[in-house]
$ cat my_file_28.txt   # compact mmCIF, C-alpha atoms
# COMPACT_ATOMS: atom_id res chain seq x y z
CA MET A 1 129.42 110.82 109.07
CA THR A 2 128.77 111.16 112.76
CA GLU A 3 129.24 108.40 115.21
CA SER A 4 125.84 107.40 116.39
CA GLY A 5 125.00 109.03 119.68
CA ALA A 6 127.76 111.63 119.42
CA ARG A 7 126.64 115.09 120.40
CA LEU A 8 126.36 117.59 117.54
CA ILE A 9 128.76 120.51 117.61
CA GLU A 10 126.72 123.67 118.08
CA ILE A 11 127.86 126.56 115.88
CA LEU A 12 126.49 130.08 116.12
CA LEU A 13 126.96 131.98 112.86
CA ILE A 14 126.53 135.74 113.23
CA GLU A 15 126.26 136.92 109.64
CA ASP A 16 123.87 139.18 107.75
CA ASN A 17 124.87 138.34 104.19
CA PRO A 18 122.50 135.57 103.03
CA GLY A 19 125.01 134.44 100.40
CA ASP A 20 127.75 133.91 103.01
CA VAL A 21 125.27 132.11 105.25
CA ILE A 22 124.51 129.59 102.48
CA LEU A 23 128.20 129.13 101.68
CA THR A 24 129.08 128.48 105.32
CA GLN A 25 126.17 126.09 105.79
CA GLU A 26 127.07 124.21 102.61
CA ALA A 27 130.70 123.94 103.67
CA PHE A 28 129.82 122.63 107.14
CA LYS A 29 127.44 120.08 105.59
CA SER A 30 130.42 118.26 104.16
CA ALA A 31 132.35 118.49 107.43
CA ASN A 32 133.49 115.33 109.17
CA ILE A 33 131.98 116.25 112.49
CA GLY A 34 128.25 116.35 113.01
CA ASN A 35 127.18 119.93 113.54
CA ASN A 36 124.22 122.19 113.86
CA ILE A 37 124.44 125.79 112.66
CA GLU A 38 122.20 128.49 114.09
CA VAL A 39 122.18 131.80 112.23
CA VAL A 40 121.49 135.26 113.62
CA VAL A 41 121.67 138.32 111.39
CA ASP A 42 122.57 141.24 113.64
CA GLY A 43 124.42 142.08 116.84
CA GLU A 44 121.36 142.49 119.04
CA GLN A 45 119.96 139.12 117.96
CA ALA A 46 123.34 137.54 118.63
CA LEU A 47 123.43 138.78 122.21
CA ASP A 48 119.79 137.83 122.78
CA TYR A 49 120.63 134.35 121.53
CA LEU A 50 123.69 133.97 123.75
CA HIS A 51 121.92 135.33 126.82
CA LYS A 52 118.88 133.16 125.95
CA ARG A 53 116.57 136.16 126.01
CA GLY A 54 113.07 136.44 124.54
CA SER A 55 112.41 133.96 121.74
CA TYR A 56 115.86 132.41 122.36
CA ALA A 57 115.00 131.04 125.82
CA GLU A 58 115.56 127.51 124.54
CA ALA A 59 118.77 128.31 122.65
CA LYS A 60 121.76 126.06 123.18
CA THR A 61 125.06 127.57 124.27
CA PRO A 62 127.27 127.27 121.18
CA ASP A 63 130.59 125.42 121.14
CA ILE A 64 132.03 127.98 118.76
CA ILE A 65 130.97 131.36 117.38
CA LEU A 66 131.66 132.55 113.84
CA LEU A 67 131.35 136.32 113.88
CA ASP A 68 131.27 138.80 111.00
CA LEU A 69 132.45 142.30 111.90
CA ASN A 70 130.13 144.41 109.77
CA ILE A 71 126.64 143.43 110.85
CA PRO A 72 123.58 145.61 111.48
CA LYS A 73 122.68 147.23 114.79
CA LYS A 74 125.45 146.34 117.26
CA ASP A 75 128.45 145.56 115.10
CA GLY A 76 130.81 142.62 115.48
CA ARG A 77 133.30 144.54 117.64
CA GLU A 78 130.64 145.43 120.19
CA VAL A 79 129.31 141.88 120.22
CA LEU A 80 132.83 140.55 120.72
CA GLU A 81 133.50 142.95 123.56
CA GLU A 82 130.26 142.05 125.36
CA ILE A 83 130.84 138.32 125.03
CA LYS A 84 134.40 138.53 126.31
CA GLN A 85 133.27 140.56 129.32
CA ASP A 86 130.78 137.89 130.29
CA GLN A 87 132.15 135.29 132.71
CA HIS A 88 130.16 132.45 131.26
CA LEU A 89 130.28 133.31 127.58
CA ARG A 90 133.90 134.32 127.24
CA ARG A 91 135.20 130.74 127.17
CA ILE A 92 133.44 130.14 123.84
CA PRO A 93 135.99 130.37 121.03
CA ILE A 94 135.16 133.22 118.67
CA VAL A 95 136.35 133.07 115.10
CA ILE A 96 136.13 136.41 113.32
CA LEU A 97 135.12 135.61 109.74
CA THR A 98 134.97 138.84 107.81
CA SER A 99 135.70 140.36 104.42
CA SER A 100 137.79 143.11 106.07
CA LYS A 101 141.55 142.85 105.65
CA ALA A 102 142.08 146.16 107.45
CA GLU A 103 144.99 146.02 109.89
CA ASN A 104 143.00 148.03 112.36
CA ASP A 105 140.17 145.48 112.36
CA VAL A 106 142.64 142.69 113.00
CA ALA A 107 144.31 144.59 115.84
CA VAL A 108 141.03 145.68 117.43
CA SER A 109 139.59 142.15 117.21
CA TYR A 110 142.57 140.54 118.94
CA GLY A 111 142.61 143.43 121.40
CA LEU A 112 139.05 142.48 122.30
CA HIS A 113 140.16 138.85 122.78
CA ALA A 114 138.98 137.28 119.55
CA ASN A 115 140.35 133.73 119.41
CA CYS A 116 141.26 133.96 115.77
CA TYR A 117 140.74 136.21 112.78
CA MET A 118 140.04 134.90 109.30
CA VAL A 119 139.39 136.78 106.08
CA LYS A 120 136.58 135.43 103.91
CA PRO A 121 138.23 134.04 100.83
CA PRO A 122 137.14 135.06 97.34
CA SER A 123 136.66 131.54 95.96
CA LEU A 124 134.35 128.72 96.92
CA GLU A 125 137.18 126.23 97.12
CA SER A 126 139.17 128.29 99.59
CA PHE A 127 135.98 128.95 101.53
CA ARG A 128 135.63 125.19 101.96
CA ASP A 129 139.29 125.00 103.00
CA ILE A 130 138.76 127.63 105.66
CA VAL A 131 135.70 125.92 107.07
CA GLY A 132 137.64 122.66 107.02
CA ALA A 133 140.48 124.35 108.89
CA ILE A 134 138.10 125.74 111.52
CA GLU A 135 136.55 122.34 112.00
CA ASN A 136 139.87 120.53 112.11
CA PHE A 137 141.61 122.97 114.42
CA TRP A 138 138.85 123.69 116.92
CA PHE A 139 137.23 120.29 117.07
CA SER A 140 140.02 117.80 116.42
CA ILE A 141 143.25 119.42 117.57
CA VAL A 142 142.29 121.86 120.30
CA VAL A 143 141.02 120.66 123.67
CA LEU A 144 138.13 122.79 124.90
CA PRO A 145 136.80 122.94 128.46
CA SER A 146 133.66 120.97 129.13
CA GLU A 147 130.72 123.03 130.23
CA SER A 148 130.74 121.74 133.81
CA ALA A 149 134.47 122.43 134.12
CA THR A 150 134.07 126.05 133.05
CA ASN A 151 131.70 126.80 135.81
CA LEU A 152 134.21 125.54 138.36
CA THR A 153 137.20 127.53 137.22
CA HIS A 154 136.09 131.09 137.20
CA ASP A 155 133.43 131.48 139.81
CA LYS A 156 135.65 133.17 142.32
CA THR A 157 133.56 135.14 144.72
CA CYS A 158 135.02 138.36 145.97
CA MET B 1 128.48 142.41 83.24
CA VAL B 2 128.14 139.89 86.07
CA SER B 3 124.62 141.10 86.59
CA ASN B 4 123.73 140.86 82.89
CA PHE B 5 125.00 137.35 82.49
CA THR B 6 123.41 136.00 85.66
CA GLN B 7 120.13 137.48 84.43
CA LEU B 8 120.67 135.92 81.02
CA LEU B 9 121.50 132.60 82.67
CA LYS B 10 118.30 132.79 84.67
CA ALA B 11 116.14 133.79 81.71
CA ARG B 12 117.55 131.10 79.44
CA TYR B 13 117.96 128.17 81.85
CA GLU B 14 115.48 128.76 84.66
CA ASP B 15 113.28 125.82 83.61
CA LYS B 16 116.28 123.48 83.56
CA LEU B 17 117.40 124.31 87.10
CA ASP B 18 116.15 122.98 90.42
CA GLU B 19 115.18 125.13 93.37
CA ASP B 20 118.77 125.38 94.67
CA GLY B 21 120.07 126.37 91.24
CA ILE B 22 117.57 129.22 90.99
CA LYS B 23 118.39 130.28 94.55
CA TYR B 24 122.11 130.45 93.71
CA ILE B 25 121.46 132.55 90.62
CA ASN B 26 119.34 134.93 92.67
CA PHE B 27 122.15 135.27 95.23
CA ALA B 28 124.62 135.97 92.45
CA SER B 29 122.50 138.63 90.81
CA ASP B 30 121.63 140.27 94.15
CA ALA B 31 125.31 140.32 95.07
CA ALA B 32 126.26 141.83 91.70
CA HIS B 33 123.58 144.48 92.13
CA ARG B 34 124.77 145.31 95.67
CA MET B 35 128.36 145.50 94.55
CA GLN B 36 127.40 147.98 91.81
CA GLU B 37 125.51 150.06 94.35
CA LEU B 38 128.46 149.97 96.74
CA VAL B 39 130.94 150.99 94.04
CA ASP B 40 128.67 153.89 93.01
CA ASP B 41 128.31 155.05 96.61
CA LEU B 42 132.02 154.75 97.36
CA LEU B 43 132.81 156.74 94.22
CA GLU B 44 130.38 159.42 95.28
CA TYR B 45 131.89 159.45 98.79
CA SER B 46 135.42 159.79 97.45
CA ARG B 47 134.50 162.53 94.99
CA ILE B 48 132.90 164.83 97.56
CA GLY B 49 136.12 166.85 97.71
CA ASP B 50 135.85 167.58 93.98
CA ILE B 51 132.52 169.39 94.17
CA ASP B 52 132.57 172.89 92.72
CA GLU B 53 132.38 175.07 95.83
CA LYS B 54 130.27 177.83 94.34
CA LEU B 55 127.56 179.05 96.69
CA ASP B 56 124.23 180.31 95.49
CA HIS B 57 120.87 181.60 96.69
CA LEU B 58 118.70 178.53 96.67
CA ASP B 59 114.95 178.59 96.82
CA CYS B 60 113.97 175.79 99.19
CA LYS B 61 110.63 175.13 97.51
CA ASN B 62 112.26 174.84 94.08
CA THR B 63 114.86 172.48 95.49
CA LEU B 64 112.08 170.35 96.96
CA VAL B 65 110.27 170.25 93.62
CA TYR B 66 113.50 169.03 92.01
CA ILE B 67 113.99 166.39 94.72
CA GLN B 68 110.41 165.17 94.49
CA ASP B 69 110.88 164.80 90.78
CA ASN B 70 113.99 162.67 91.34
CA LEU B 71 112.17 160.56 93.94
CA ARG B 72 108.83 160.35 92.11
CA LYS B 73 108.96 156.56 91.81
CA GLN B 74 109.40 156.05 95.56
CA ILE B 75 106.92 158.80 96.40
CA SER B 76 104.14 157.39 94.26
CA SER B 77 104.70 153.75 95.18
CA ARG B 78 104.61 154.56 98.91
CA ASN B 79 102.05 157.34 98.61
CA ALA B 80 104.40 159.65 100.51
CA ASN B 81 103.55 163.21 101.45
CA ILE B 82 106.27 165.82 101.71
CA SER B 83 105.44 169.19 103.18
CA PHE B 84 107.46 172.34 103.58
CA GLU B 85 106.45 174.89 106.15
CA SER B 86 108.89 177.57 106.92
CA ARG B 87 109.19 181.32 106.97
CA VAL B 88 112.66 181.06 105.52
CA SER B 89 112.39 180.56 101.79
CA THR B 90 116.02 180.74 100.63
CA VAL B 91 119.41 179.60 101.86
CA PHE B 92 122.83 180.58 100.59
CA ALA B 93 124.57 177.28 99.97
CA ASN B 94 126.20 174.97 97.50
CA PRO B 95 123.39 173.60 95.31
CA VAL B 96 124.93 170.14 94.82
CA ARG B 97 125.54 169.55 98.52
CA PHE B 98 122.21 171.00 99.64
CA SER B 99 120.00 169.05 97.26
CA ARG B 100 121.98 165.82 97.59
CA VAL B 101 121.74 165.77 101.39
CA LEU B 102 118.10 166.80 101.45
CA GLN B 103 117.22 164.19 98.84
CA ASN B 104 119.10 161.50 100.71
CA LEU B 105 117.34 162.30 103.99
CA ILE B 106 113.90 162.44 102.36
CA GLY B 107 114.66 159.18 100.53
CA ASN B 108 115.55 157.55 103.85
CA SER B 109 112.35 158.84 105.47
CA ILE B 110 110.33 157.20 102.70
CA LYS B 111 112.32 153.99 102.88
CA TYR B 112 112.44 153.51 106.65
CA CYS B 113 108.70 153.71 107.11
CA ASP B 114 106.33 150.89 108.04
CA HIS B 115 105.14 149.29 104.82
CA ASP B 116 101.48 149.83 105.69
CA THR B 117 101.93 153.49 106.65
CA ALA B 118 102.08 156.33 104.14
CA PRO B 119 105.26 158.33 104.83
CA ALA B 120 104.53 161.87 106.01
CA ILE B 121 107.64 164.04 105.90
CA GLN B 122 107.98 167.59 107.11
CA VAL B 123 110.85 169.74 105.93
CA ALA B 124 111.62 172.96 107.78
CA VAL B 125 114.33 175.61 107.67
CA LYS B 126 115.28 177.87 110.57
CA GLU B 127 117.55 180.88 110.26
CA LEU B 128 120.01 181.50 113.11
CA ASP B 129 122.66 184.21 113.32
CA ASP B 130 125.46 182.00 112.11
CA ALA B 131 123.69 179.19 110.27
CA TRP B 132 120.57 177.79 108.69
CA VAL B 133 119.20 174.66 110.33
CA VAL B 134 117.37 172.33 107.97
CA SER B 135 115.18 169.60 109.49
CA VAL B 136 113.53 166.54 108.00
CA LYS B 137 110.98 164.95 110.33
CA ASP B 138 109.20 161.71 109.52
CA ASN B 139 106.65 159.24 110.83
CA GLY B 140 108.89 156.25 110.12
CA ILE B 141 110.00 153.26 112.15
CA GLY B 142 112.53 155.28 114.15
CA MET B 143 115.53 153.82 115.94
CA LYS B 144 117.09 153.56 119.37
CA GLN B 145 118.77 156.74 120.55
CA GLU B 146 122.06 154.84 120.96
CA TYR B 147 122.27 154.37 117.18
CA CYS B 148 121.60 158.02 116.28
CA GLU B 149 125.31 158.82 116.05
CA GLN B 150 126.59 155.54 114.67
CA ILE B 151 124.35 155.62 111.61
CA PHE B 152 126.55 158.34 110.09
CA LEU B 153 129.53 155.97 109.98
CA PRO B 154 130.34 154.34 106.63
CA PHE B 155 128.67 150.90 106.22
CA LYS B 156 126.73 151.19 109.48
CA ARG B 157 123.36 149.57 109.05
CA LEU B 158 120.54 148.87 111.48
CA HIS B 159 118.59 146.41 109.38
CA GLY B 160 119.16 143.16 107.56
CA ARG B 161 119.42 143.21 103.82
CA SER B 162 116.04 141.69 103.15
CA GLY B 163 113.84 144.29 104.88
CA TYR B 164 115.63 147.52 104.00
CA PRO B 165 118.37 147.05 101.42
CA GLY B 166 121.21 149.52 100.94
CA SER B 167 124.96 149.92 101.01
CA GLY B 168 125.13 151.65 104.38
CA MET B 169 126.86 154.62 102.76
CA GLY B 170 123.95 157.08 102.39
CA LEU B 171 124.25 158.93 105.69
CA ALA B 172 128.06 158.76 105.62
CA ILE B 173 127.85 160.61 102.29
CA CYS B 174 125.50 163.17 103.86
CA ARG B 175 127.84 163.72 106.79
CA LYS B 176 130.86 164.22 104.59
CA LEU B 177 128.93 166.62 102.33
CA ILE B 178 127.78 168.68 105.31
CA GLU B 179 130.95 168.61 107.43
CA SER B 180 133.26 169.43 104.55
CA ALA B 181 131.14 172.57 104.05
CA GLY B 182 131.57 173.48 107.73
CA GLY B 183 128.17 172.27 108.91
CA LYS B 184 126.93 169.64 111.33
CA ILE B 185 124.42 166.82 110.92
CA TRP B 186 122.63 164.85 113.63
CA ALA B 187 119.53 162.82 114.33
CA THR B 188 117.01 162.35 117.10
CA SER B 189 114.70 159.38 117.19
CA LYS B 190 112.70 156.87 119.17
CA ILE B 191 111.60 153.45 118.02
CA GLY B 192 108.12 153.61 116.57
CA GLU B 193 107.93 157.37 116.87
CA GLY B 194 109.71 158.53 113.74
CA SER B 195 113.04 160.26 113.29
CA SER B 196 114.21 163.82 112.84
CA PHE B 197 117.37 164.64 110.95
CA HIS B 198 118.91 168.08 111.16
CA PHE B 199 121.82 169.71 109.41
CA THR B 200 123.35 173.16 109.44
CA ILE B 201 124.63 175.33 106.64
CA PRO B 202 127.02 177.94 108.04
CA ARG B 203 126.30 181.54 107.17
CA ILE B 204 129.64 182.96 106.15
CA PRO B 205 129.86 186.65 107.10
CA PHE B 206 129.68 188.88 104.04
CA ALA B 207 129.73 185.91 101.63
CA GLU B 208 126.33 186.86 100.29
CA GLU B 209 127.35 190.50 99.79
CA ILE B 210 130.57 189.53 98.04
CA GLU B 211 128.65 187.18 95.79
CA LYS B 212 126.20 189.97 94.91
CA GLU B 213 129.00 192.41 94.12
CA GLN B 214 130.78 189.89 91.94
CA ALA B 215 127.58 189.20 90.09
CA ALA B 216 127.00 192.93 89.52
$ encode --input "my_file_28.txt" --output "structure tokens"
Amino acid sequence: MTESGARLIEILLIEDNPGDVILTQEAFKSANIGNNIEVVVDGEQALDYLHKRGSYAEAKTPDIILLDLNIPKKDGREVLEEIKQDQHLRRIPIVILTSSKAENDVAVSYGLHANCYMVKPPSLESFRDIVGAIENFWFSIVVLPSESATNLTHDKTC
Amino acid sequence: MVSNFTQLLKARYEDKLDEDGIKYINFASDAAHRMQELVDDLLEYSRIGDIDEKLDHLDCKNTLVYIQDNLRKQISSRNANISFESRVSTVFANPVRFSRVLQNLIGNSIKYCDHDTAPAIQVAVKELDDAWVVSVKDNGIGMKQEYCEQIFLPFKRLHGRSGYPGSGMGLAICRKLIESAGGKIWATSKIGEGSSFHFTIPRIPFAEEIEKEQAA
């Protein structure tokens, strides 16, 4: 149900569980806003994608990142930390979407500047609700900087 | 139960389902299988403290025969070769811990090997003044040095689920088994050049003599 000509929302899903990938894709299919989901399955791939390295040279900078914490190679915490240390990448909202309810994971994630932390729900219906909430909050309610504006704000030279 | 019924569902209704339906059933049965594996591994991890602490003189070659018997399916399907070359033939250790760790490391060496290469695994034991050092060296895919410590953390995995499945608990179990017996475990590796895993079994002064006297 996209308006013709409207740009698709680019979503980067960093998730190694193929079941969760399908569920997220299915849920976003019924979203009101046109979107394109790219999936990477481990932390190294995620950073290659975001830095447009190797086979990701043509990758689009995502509008939002959905990040699982327990992923192979570099885990979600390390990926989060690296993104938030990068001047250009750190403006991208990062939603932690994980099965961990551990207080420590919540605290560490916010400490590393995650934009929000969500626990994967056990049922399909609530999974759809969560995806709906992400879509509604980040793409209807929140105002995000445009790409050209971001480059203006933070490029202070020392 | 979940696993049984998803399998039954697939067997009975496969021809009535479309491609997506079959895909969903496969996800469900894979997930049920993984959950079972995870529960088993977590139980094993949590029960490490309950192991009977009795130490014994263990013949390394016999232990390897026992392990190869347990792993015979993997060994024959991958055509793996396991060799033992060492002047030390026995260690004084807890049999459950020793064989479990060694089996886990050998199992990993078979698993994390290029699929068109036959795993070649060398087991060696060195005797130091205060410990035995057991090494398992392989010709597998190896890993970056930066991951050599992290892989002993619970759930830490370096590969996606499709290529090398597993719960991510295997090496965490090994570490707990070794460290709770006073030993250390570590790895050295390079991508494409195989990995070496080493662990120590502390030699407790006089423990062997006391054991002998008690036996007598």
$ residues_around --input "my_file_28.txt" --residues "Gly43 in chain A" --least-positions-apart "6" --cutoff "7 Å" --atoms "all atoms listed in the file" --output "ChimeraX atom specification"
/A:71-76,79
$ residues_around --input "my_file_28.txt" --residues "range 183-198 of chain B" --least-positions-apart "6" --cutoff "8 Å" --atoms "only C-alpha atoms" --output "number ranges by chain"
B: 105, 109, 133-145, 148-149, 175
$ residues_around --input "my_file_28.txt" --residues "Leu177 in chain B" --least-positions-apart "5" --cutoff "10 Å" --atoms "only C-alpha atoms" --output "number ranges by chain"
B: 45, 48-49, 51, 96-98, 100-101, 171-172, 182-185
$ interface_residues --input "my_file_28.txt" --of "chain B" --to "chain A" --cutoff "12 Å" --atoms "only C-alpha atoms" --output "ChimeraX atom specification"
/B:20,23-32,34,143-151,153-168
$ write_last_selection --input "my_file_28.txt" --atoms "C-alpha atoms" --output "PDB file, keeping the file's coordinate frame"
ATOM      1  CA  ASP B  20     118.770 125.380  94.670  1.00  0.00           C
ATOM      2  CA  LYS B  23     118.390 130.280  94.550  1.00  0.00           C
ATOM      3  CA  TYR B  24     122.110 130.450  93.710  1.00  0.00           C
ATOM      4  CA  ILE B  25     121.460 132.550  90.620  1.00  0.00           C
ATOM      5  CA  ASN B  26     119.340 134.930  92.670  1.00  0.00           C
ATOM      6  CA  PHE B  27     122.150 135.270  95.230  1.00  0.00           C
ATOM      7  CA  ALA B  28     124.620 135.970  92.450  1.00  0.00           C
ATOM      8  CA  SER B  29     122.500 138.630  90.810  1.00  0.00           C
ATOM      9  CA  ASP B  30     121.630 140.270  94.150  1.00  0.00           C
ATOM     10  CA  ALA B  31     125.310 140.320  95.070  1.00  0.00           C
ATOM     11  CA  ALA B  32     126.260 141.830  91.700  1.00  0.00           C
ATOM     12  CA  ARG B  34     124.770 145.310  95.670  1.00  0.00           C
ATOM     13  CA  MET B 143     115.530 153.820 115.940  1.00  0.00           C
ATOM     14  CA  LYS B 144     117.090 153.560 119.370  1.00  0.00           C
ATOM     15  CA  GLN B 145     118.770 156.740 120.550  1.00  0.00           C
ATOM     16  CA  GLU B 146     122.060 154.840 120.960  1.00  0.00           C
ATOM     17  CA  TYR B 147     122.270 154.370 117.180  1.00  0.00           C
ATOM     18  CA  CYS B 148     121.600 158.020 116.280  1.00  0.00           C
ATOM     19  CA  GLU B 149     125.310 158.820 116.050  1.00  0.00           C
ATOM     20  CA  GLN B 150     126.590 155.540 114.670  1.00  0.00           C
ATOM     21  CA  ILE B 151     124.350 155.620 111.610  1.00  0.00           C
ATOM     22  CA  LEU B 153     129.530 155.970 109.980  1.00  0.00           C
ATOM     23  CA  PRO B 154     130.340 154.340 106.630  1.00  0.00           C
ATOM     24  CA  PHE B 155     128.670 150.900 106.220  1.00  0.00           C
ATOM     25  CA  LYS B 156     126.730 151.190 109.480  1.00  0.00           C
ATOM     26  CA  ARG B 157     123.360 149.570 109.050  1.00  0.00           C
ATOM     27  CA  LEU B 158     120.540 148.870 111.480  1.00  0.00           C
ATOM     28  CA  HIS B 159     118.590 146.410 109.380  1.00  0.00           C
ATOM     29  CA  GLY B 160     119.160 143.160 107.560  1.00  0.00           C
ATOM     30  CA  ARG B 161     119.420 143.210 103.820  1.00  0.00           C
ATOM     31  CA  SER B 162     116.040 141.690 103.150  1.00  0.00           C
ATOM     32  CA  GLY B 163     113.840 144.290 104.880  1.00  0.00           C
ATOM     33  CA  TYR B 164     115.630 147.520 104.000  1.00  0.00           C
ATOM     34  CA  PRO B 165     118.370 147.050 101.420  1.00  0.00           C
ATOM     35  CA  GLY B 166     121.210 149.520 100.940  1.00  0.00           C
ATOM     36  CA  SER B 167     124.960 149.920 101.010  1.00  0.00           C
ATOM     37  CA  GLY B 168     125.130 151.650 104.380  1.00  0.00           C
TER      38      GLY B 168
END
$ atom_distance --input "my_file_28.txt" --atom1 "CA of Ala131 in chain B" --atom2 "CA of Arg47 in chain B"
25.1 Å
$ residues_around --input "my_file_28.txt" --residues "range 84-92 of chain A" --least-positions-apart "6" --cutoff "7 Å" --atoms "all atoms listed in the file" --output "number ranges by chain"
A: 63-64, 113
$ atom_distance --input "my_file_28.txt" --atom1 "CA of Ser140 in chain A" --atom2 "CA of Lys120 in chain A"
21.9 Å
$ atom_distance --input "my_file_28.txt" --atom1 "CA of Pro95 in chain B" --atom2 "CA of Asn81 in chain B"
23.2 Å
$ closest_residue --input "my_file_28.txt" --among "A:Leu23, A:Met118, A:Ile33, A:Ala6" --to "Asn136 in chain A" --atoms "only C-alpha atoms"
A:Ile33
$ axis_aligned_box --input "my_file_28.txt" --around "range 23-36 of chain A" --padding-each-side "3 Å" --output "JSON"
{"center_x": 128.9, "center_y": 122.2, "center_z": 107.8, "size_x": 15.3, "size_y": 19.8, "size_z": 18.2}
$ residues_around --input "my_file_28.txt" --residues "Leu69 in chain A" --least-positions-apart "6" --cutoff "8 Å" --atoms "all atoms listed in the file" --output "MDAnalysis selection string"
chainID A and resid 75:77 96:98 100
$ closest_residue --input "my_file_28.txt" --among "B:Ser86, B:Asn4, B:Asn94, B:Asn104" --to "Asp56 in chain B" --atoms "all atoms listed in the file"
B:Asn94
$ decode --input "my_file_28.txt" --residues "range 31-47 of chain A" --atoms "N, CA and C atoms" --output "JSON list (two decimals), in the first residue's frame"
[["chain", "number", "residue", "atom", "x", "y", "z"],
["A", 31, "ALA", "N", 3.04, -4.54, 6.51],
["A", 31, "ALA", "CA", 3.16, -3.19, 7.06],
["A", 31, "ALA", "C", 2.54, -2.16, 6.12],
["A", 32, "ASN", "N", 2.20, -1.01, 6.67],
["A", 32, "ASN", "CA", 1.57, 0.03, 5.87],
["A", 32, "ASN", "C", 2.55, 0.82, 5.02],
["A", 33, "ILE", "N", 3.80, 0.76, 5.41],
["A", 33, "ILE", "CA", 4.81, 1.55, 4.71],
["A", 33, "ILE", "C", 5.64, 0.62, 3.85],
["A", 34, "GLY", "N", 5.87, 1.02, 2.62],
["A", 34, "GLY", "CA", 6.67, 0.20, 1.72],
["A", 34, "GLY", "C", 8.07, 0.04, 2.27],
["A", 35, "ASN", "N", 8.56, -1.18, 2.29],
["A", 35, "ASN", "CA", 9.88, -1.38, 2.88],
["A", 35, "ASN", "C", 10.65, -2.47, 2.16],
["A", 36, "ASN", "N", 11.94, -2.41, 2.36],
["A", 36, "ASN", "CA", 12.82, -3.44, 1.80],
["A", 36, "ASN", "C", 13.71, -3.94, 2.93],
["A", 37, "ILE", "N", 13.68, -5.26, 3.16],
["A", 37, "ILE", "CA", 14.49, -5.80, 4.26],
["A", 37, "ILE", "C", 15.71, -6.52, 3.70],
["A", 38, "GLU", "N", 16.89, -6.11, 4.16],
["A", 38, "GLU", "CA", 18.11, -6.84, 3.85],
["A", 38, "GLU", "C", 18.49, -7.62, 5.09],
["A", 39, "VAL", "N", 18.95, -8.86, 4.88],
["A", 39, "VAL", "CA", 19.28, -9.71, 6.03],
["A", 39, "VAL", "C", 20.76, -10.06, 6.02],
["A", 40, "VAL", "N", 21.43, -9.88, 7.14],
["A", 40, "VAL", "CA", 22.78, -10.40, 7.31],
["A", 40, "VAL", "C", 22.78, -11.28, 8.56],
["A", 41, "VAL", "N", 23.64, -12.32, 8.55],
["A", 41, "VAL", "CA", 23.48, -13.36, 9.57],
["A", 41, "VAL", "C", 24.57, -13.37, 10.65],
["A", 42, "ASP", "N", 25.56, -12.50, 10.55],
["A", 42, "ASP", "CA", 26.51, -12.42, 11.67],
["A", 42, "ASP", "C", 27.08, -11.00, 11.77],
["A", 43, "GLY", "N", 27.82, -10.77, 12.86],
["A", 43, "GLY", "CA", 28.29, -9.42, 13.15],
["A", 43, "GLY", "C", 29.29, -8.88, 12.15],
["A", 44, "GLU", "N", 30.13, -9.76, 11.62],
["A", 44, "GLU", "CA", 31.11, -9.28, 10.63],
["A", 44, "GLU", "C", 30.42, -8.85, 9.35],
["A", 45, "GLN", "N", 29.45, -9.69, 8.92],
["A", 45, "GLN", "CA", 28.68, -9.34, 7.71],
["A", 45, "GLN", "C", 27.96, -8.01, 7.89],
["A", 46, "ALA", "N", 27.42, -7.82, 9.10],
["A", 46, "ALA", "CA", 26.66, -6.60, 9.37],
["A", 46, "ALA", "C", 27.55, -5.38, 9.19],
["A", 47, "LEU", "N", 28.76, -5.44, 9.74],
["A", 47, "LEU", "CA", 29.65, -4.28, 9.64],
["A", 47, "LEU", "C", 30.16, -4.09, 8.22]]
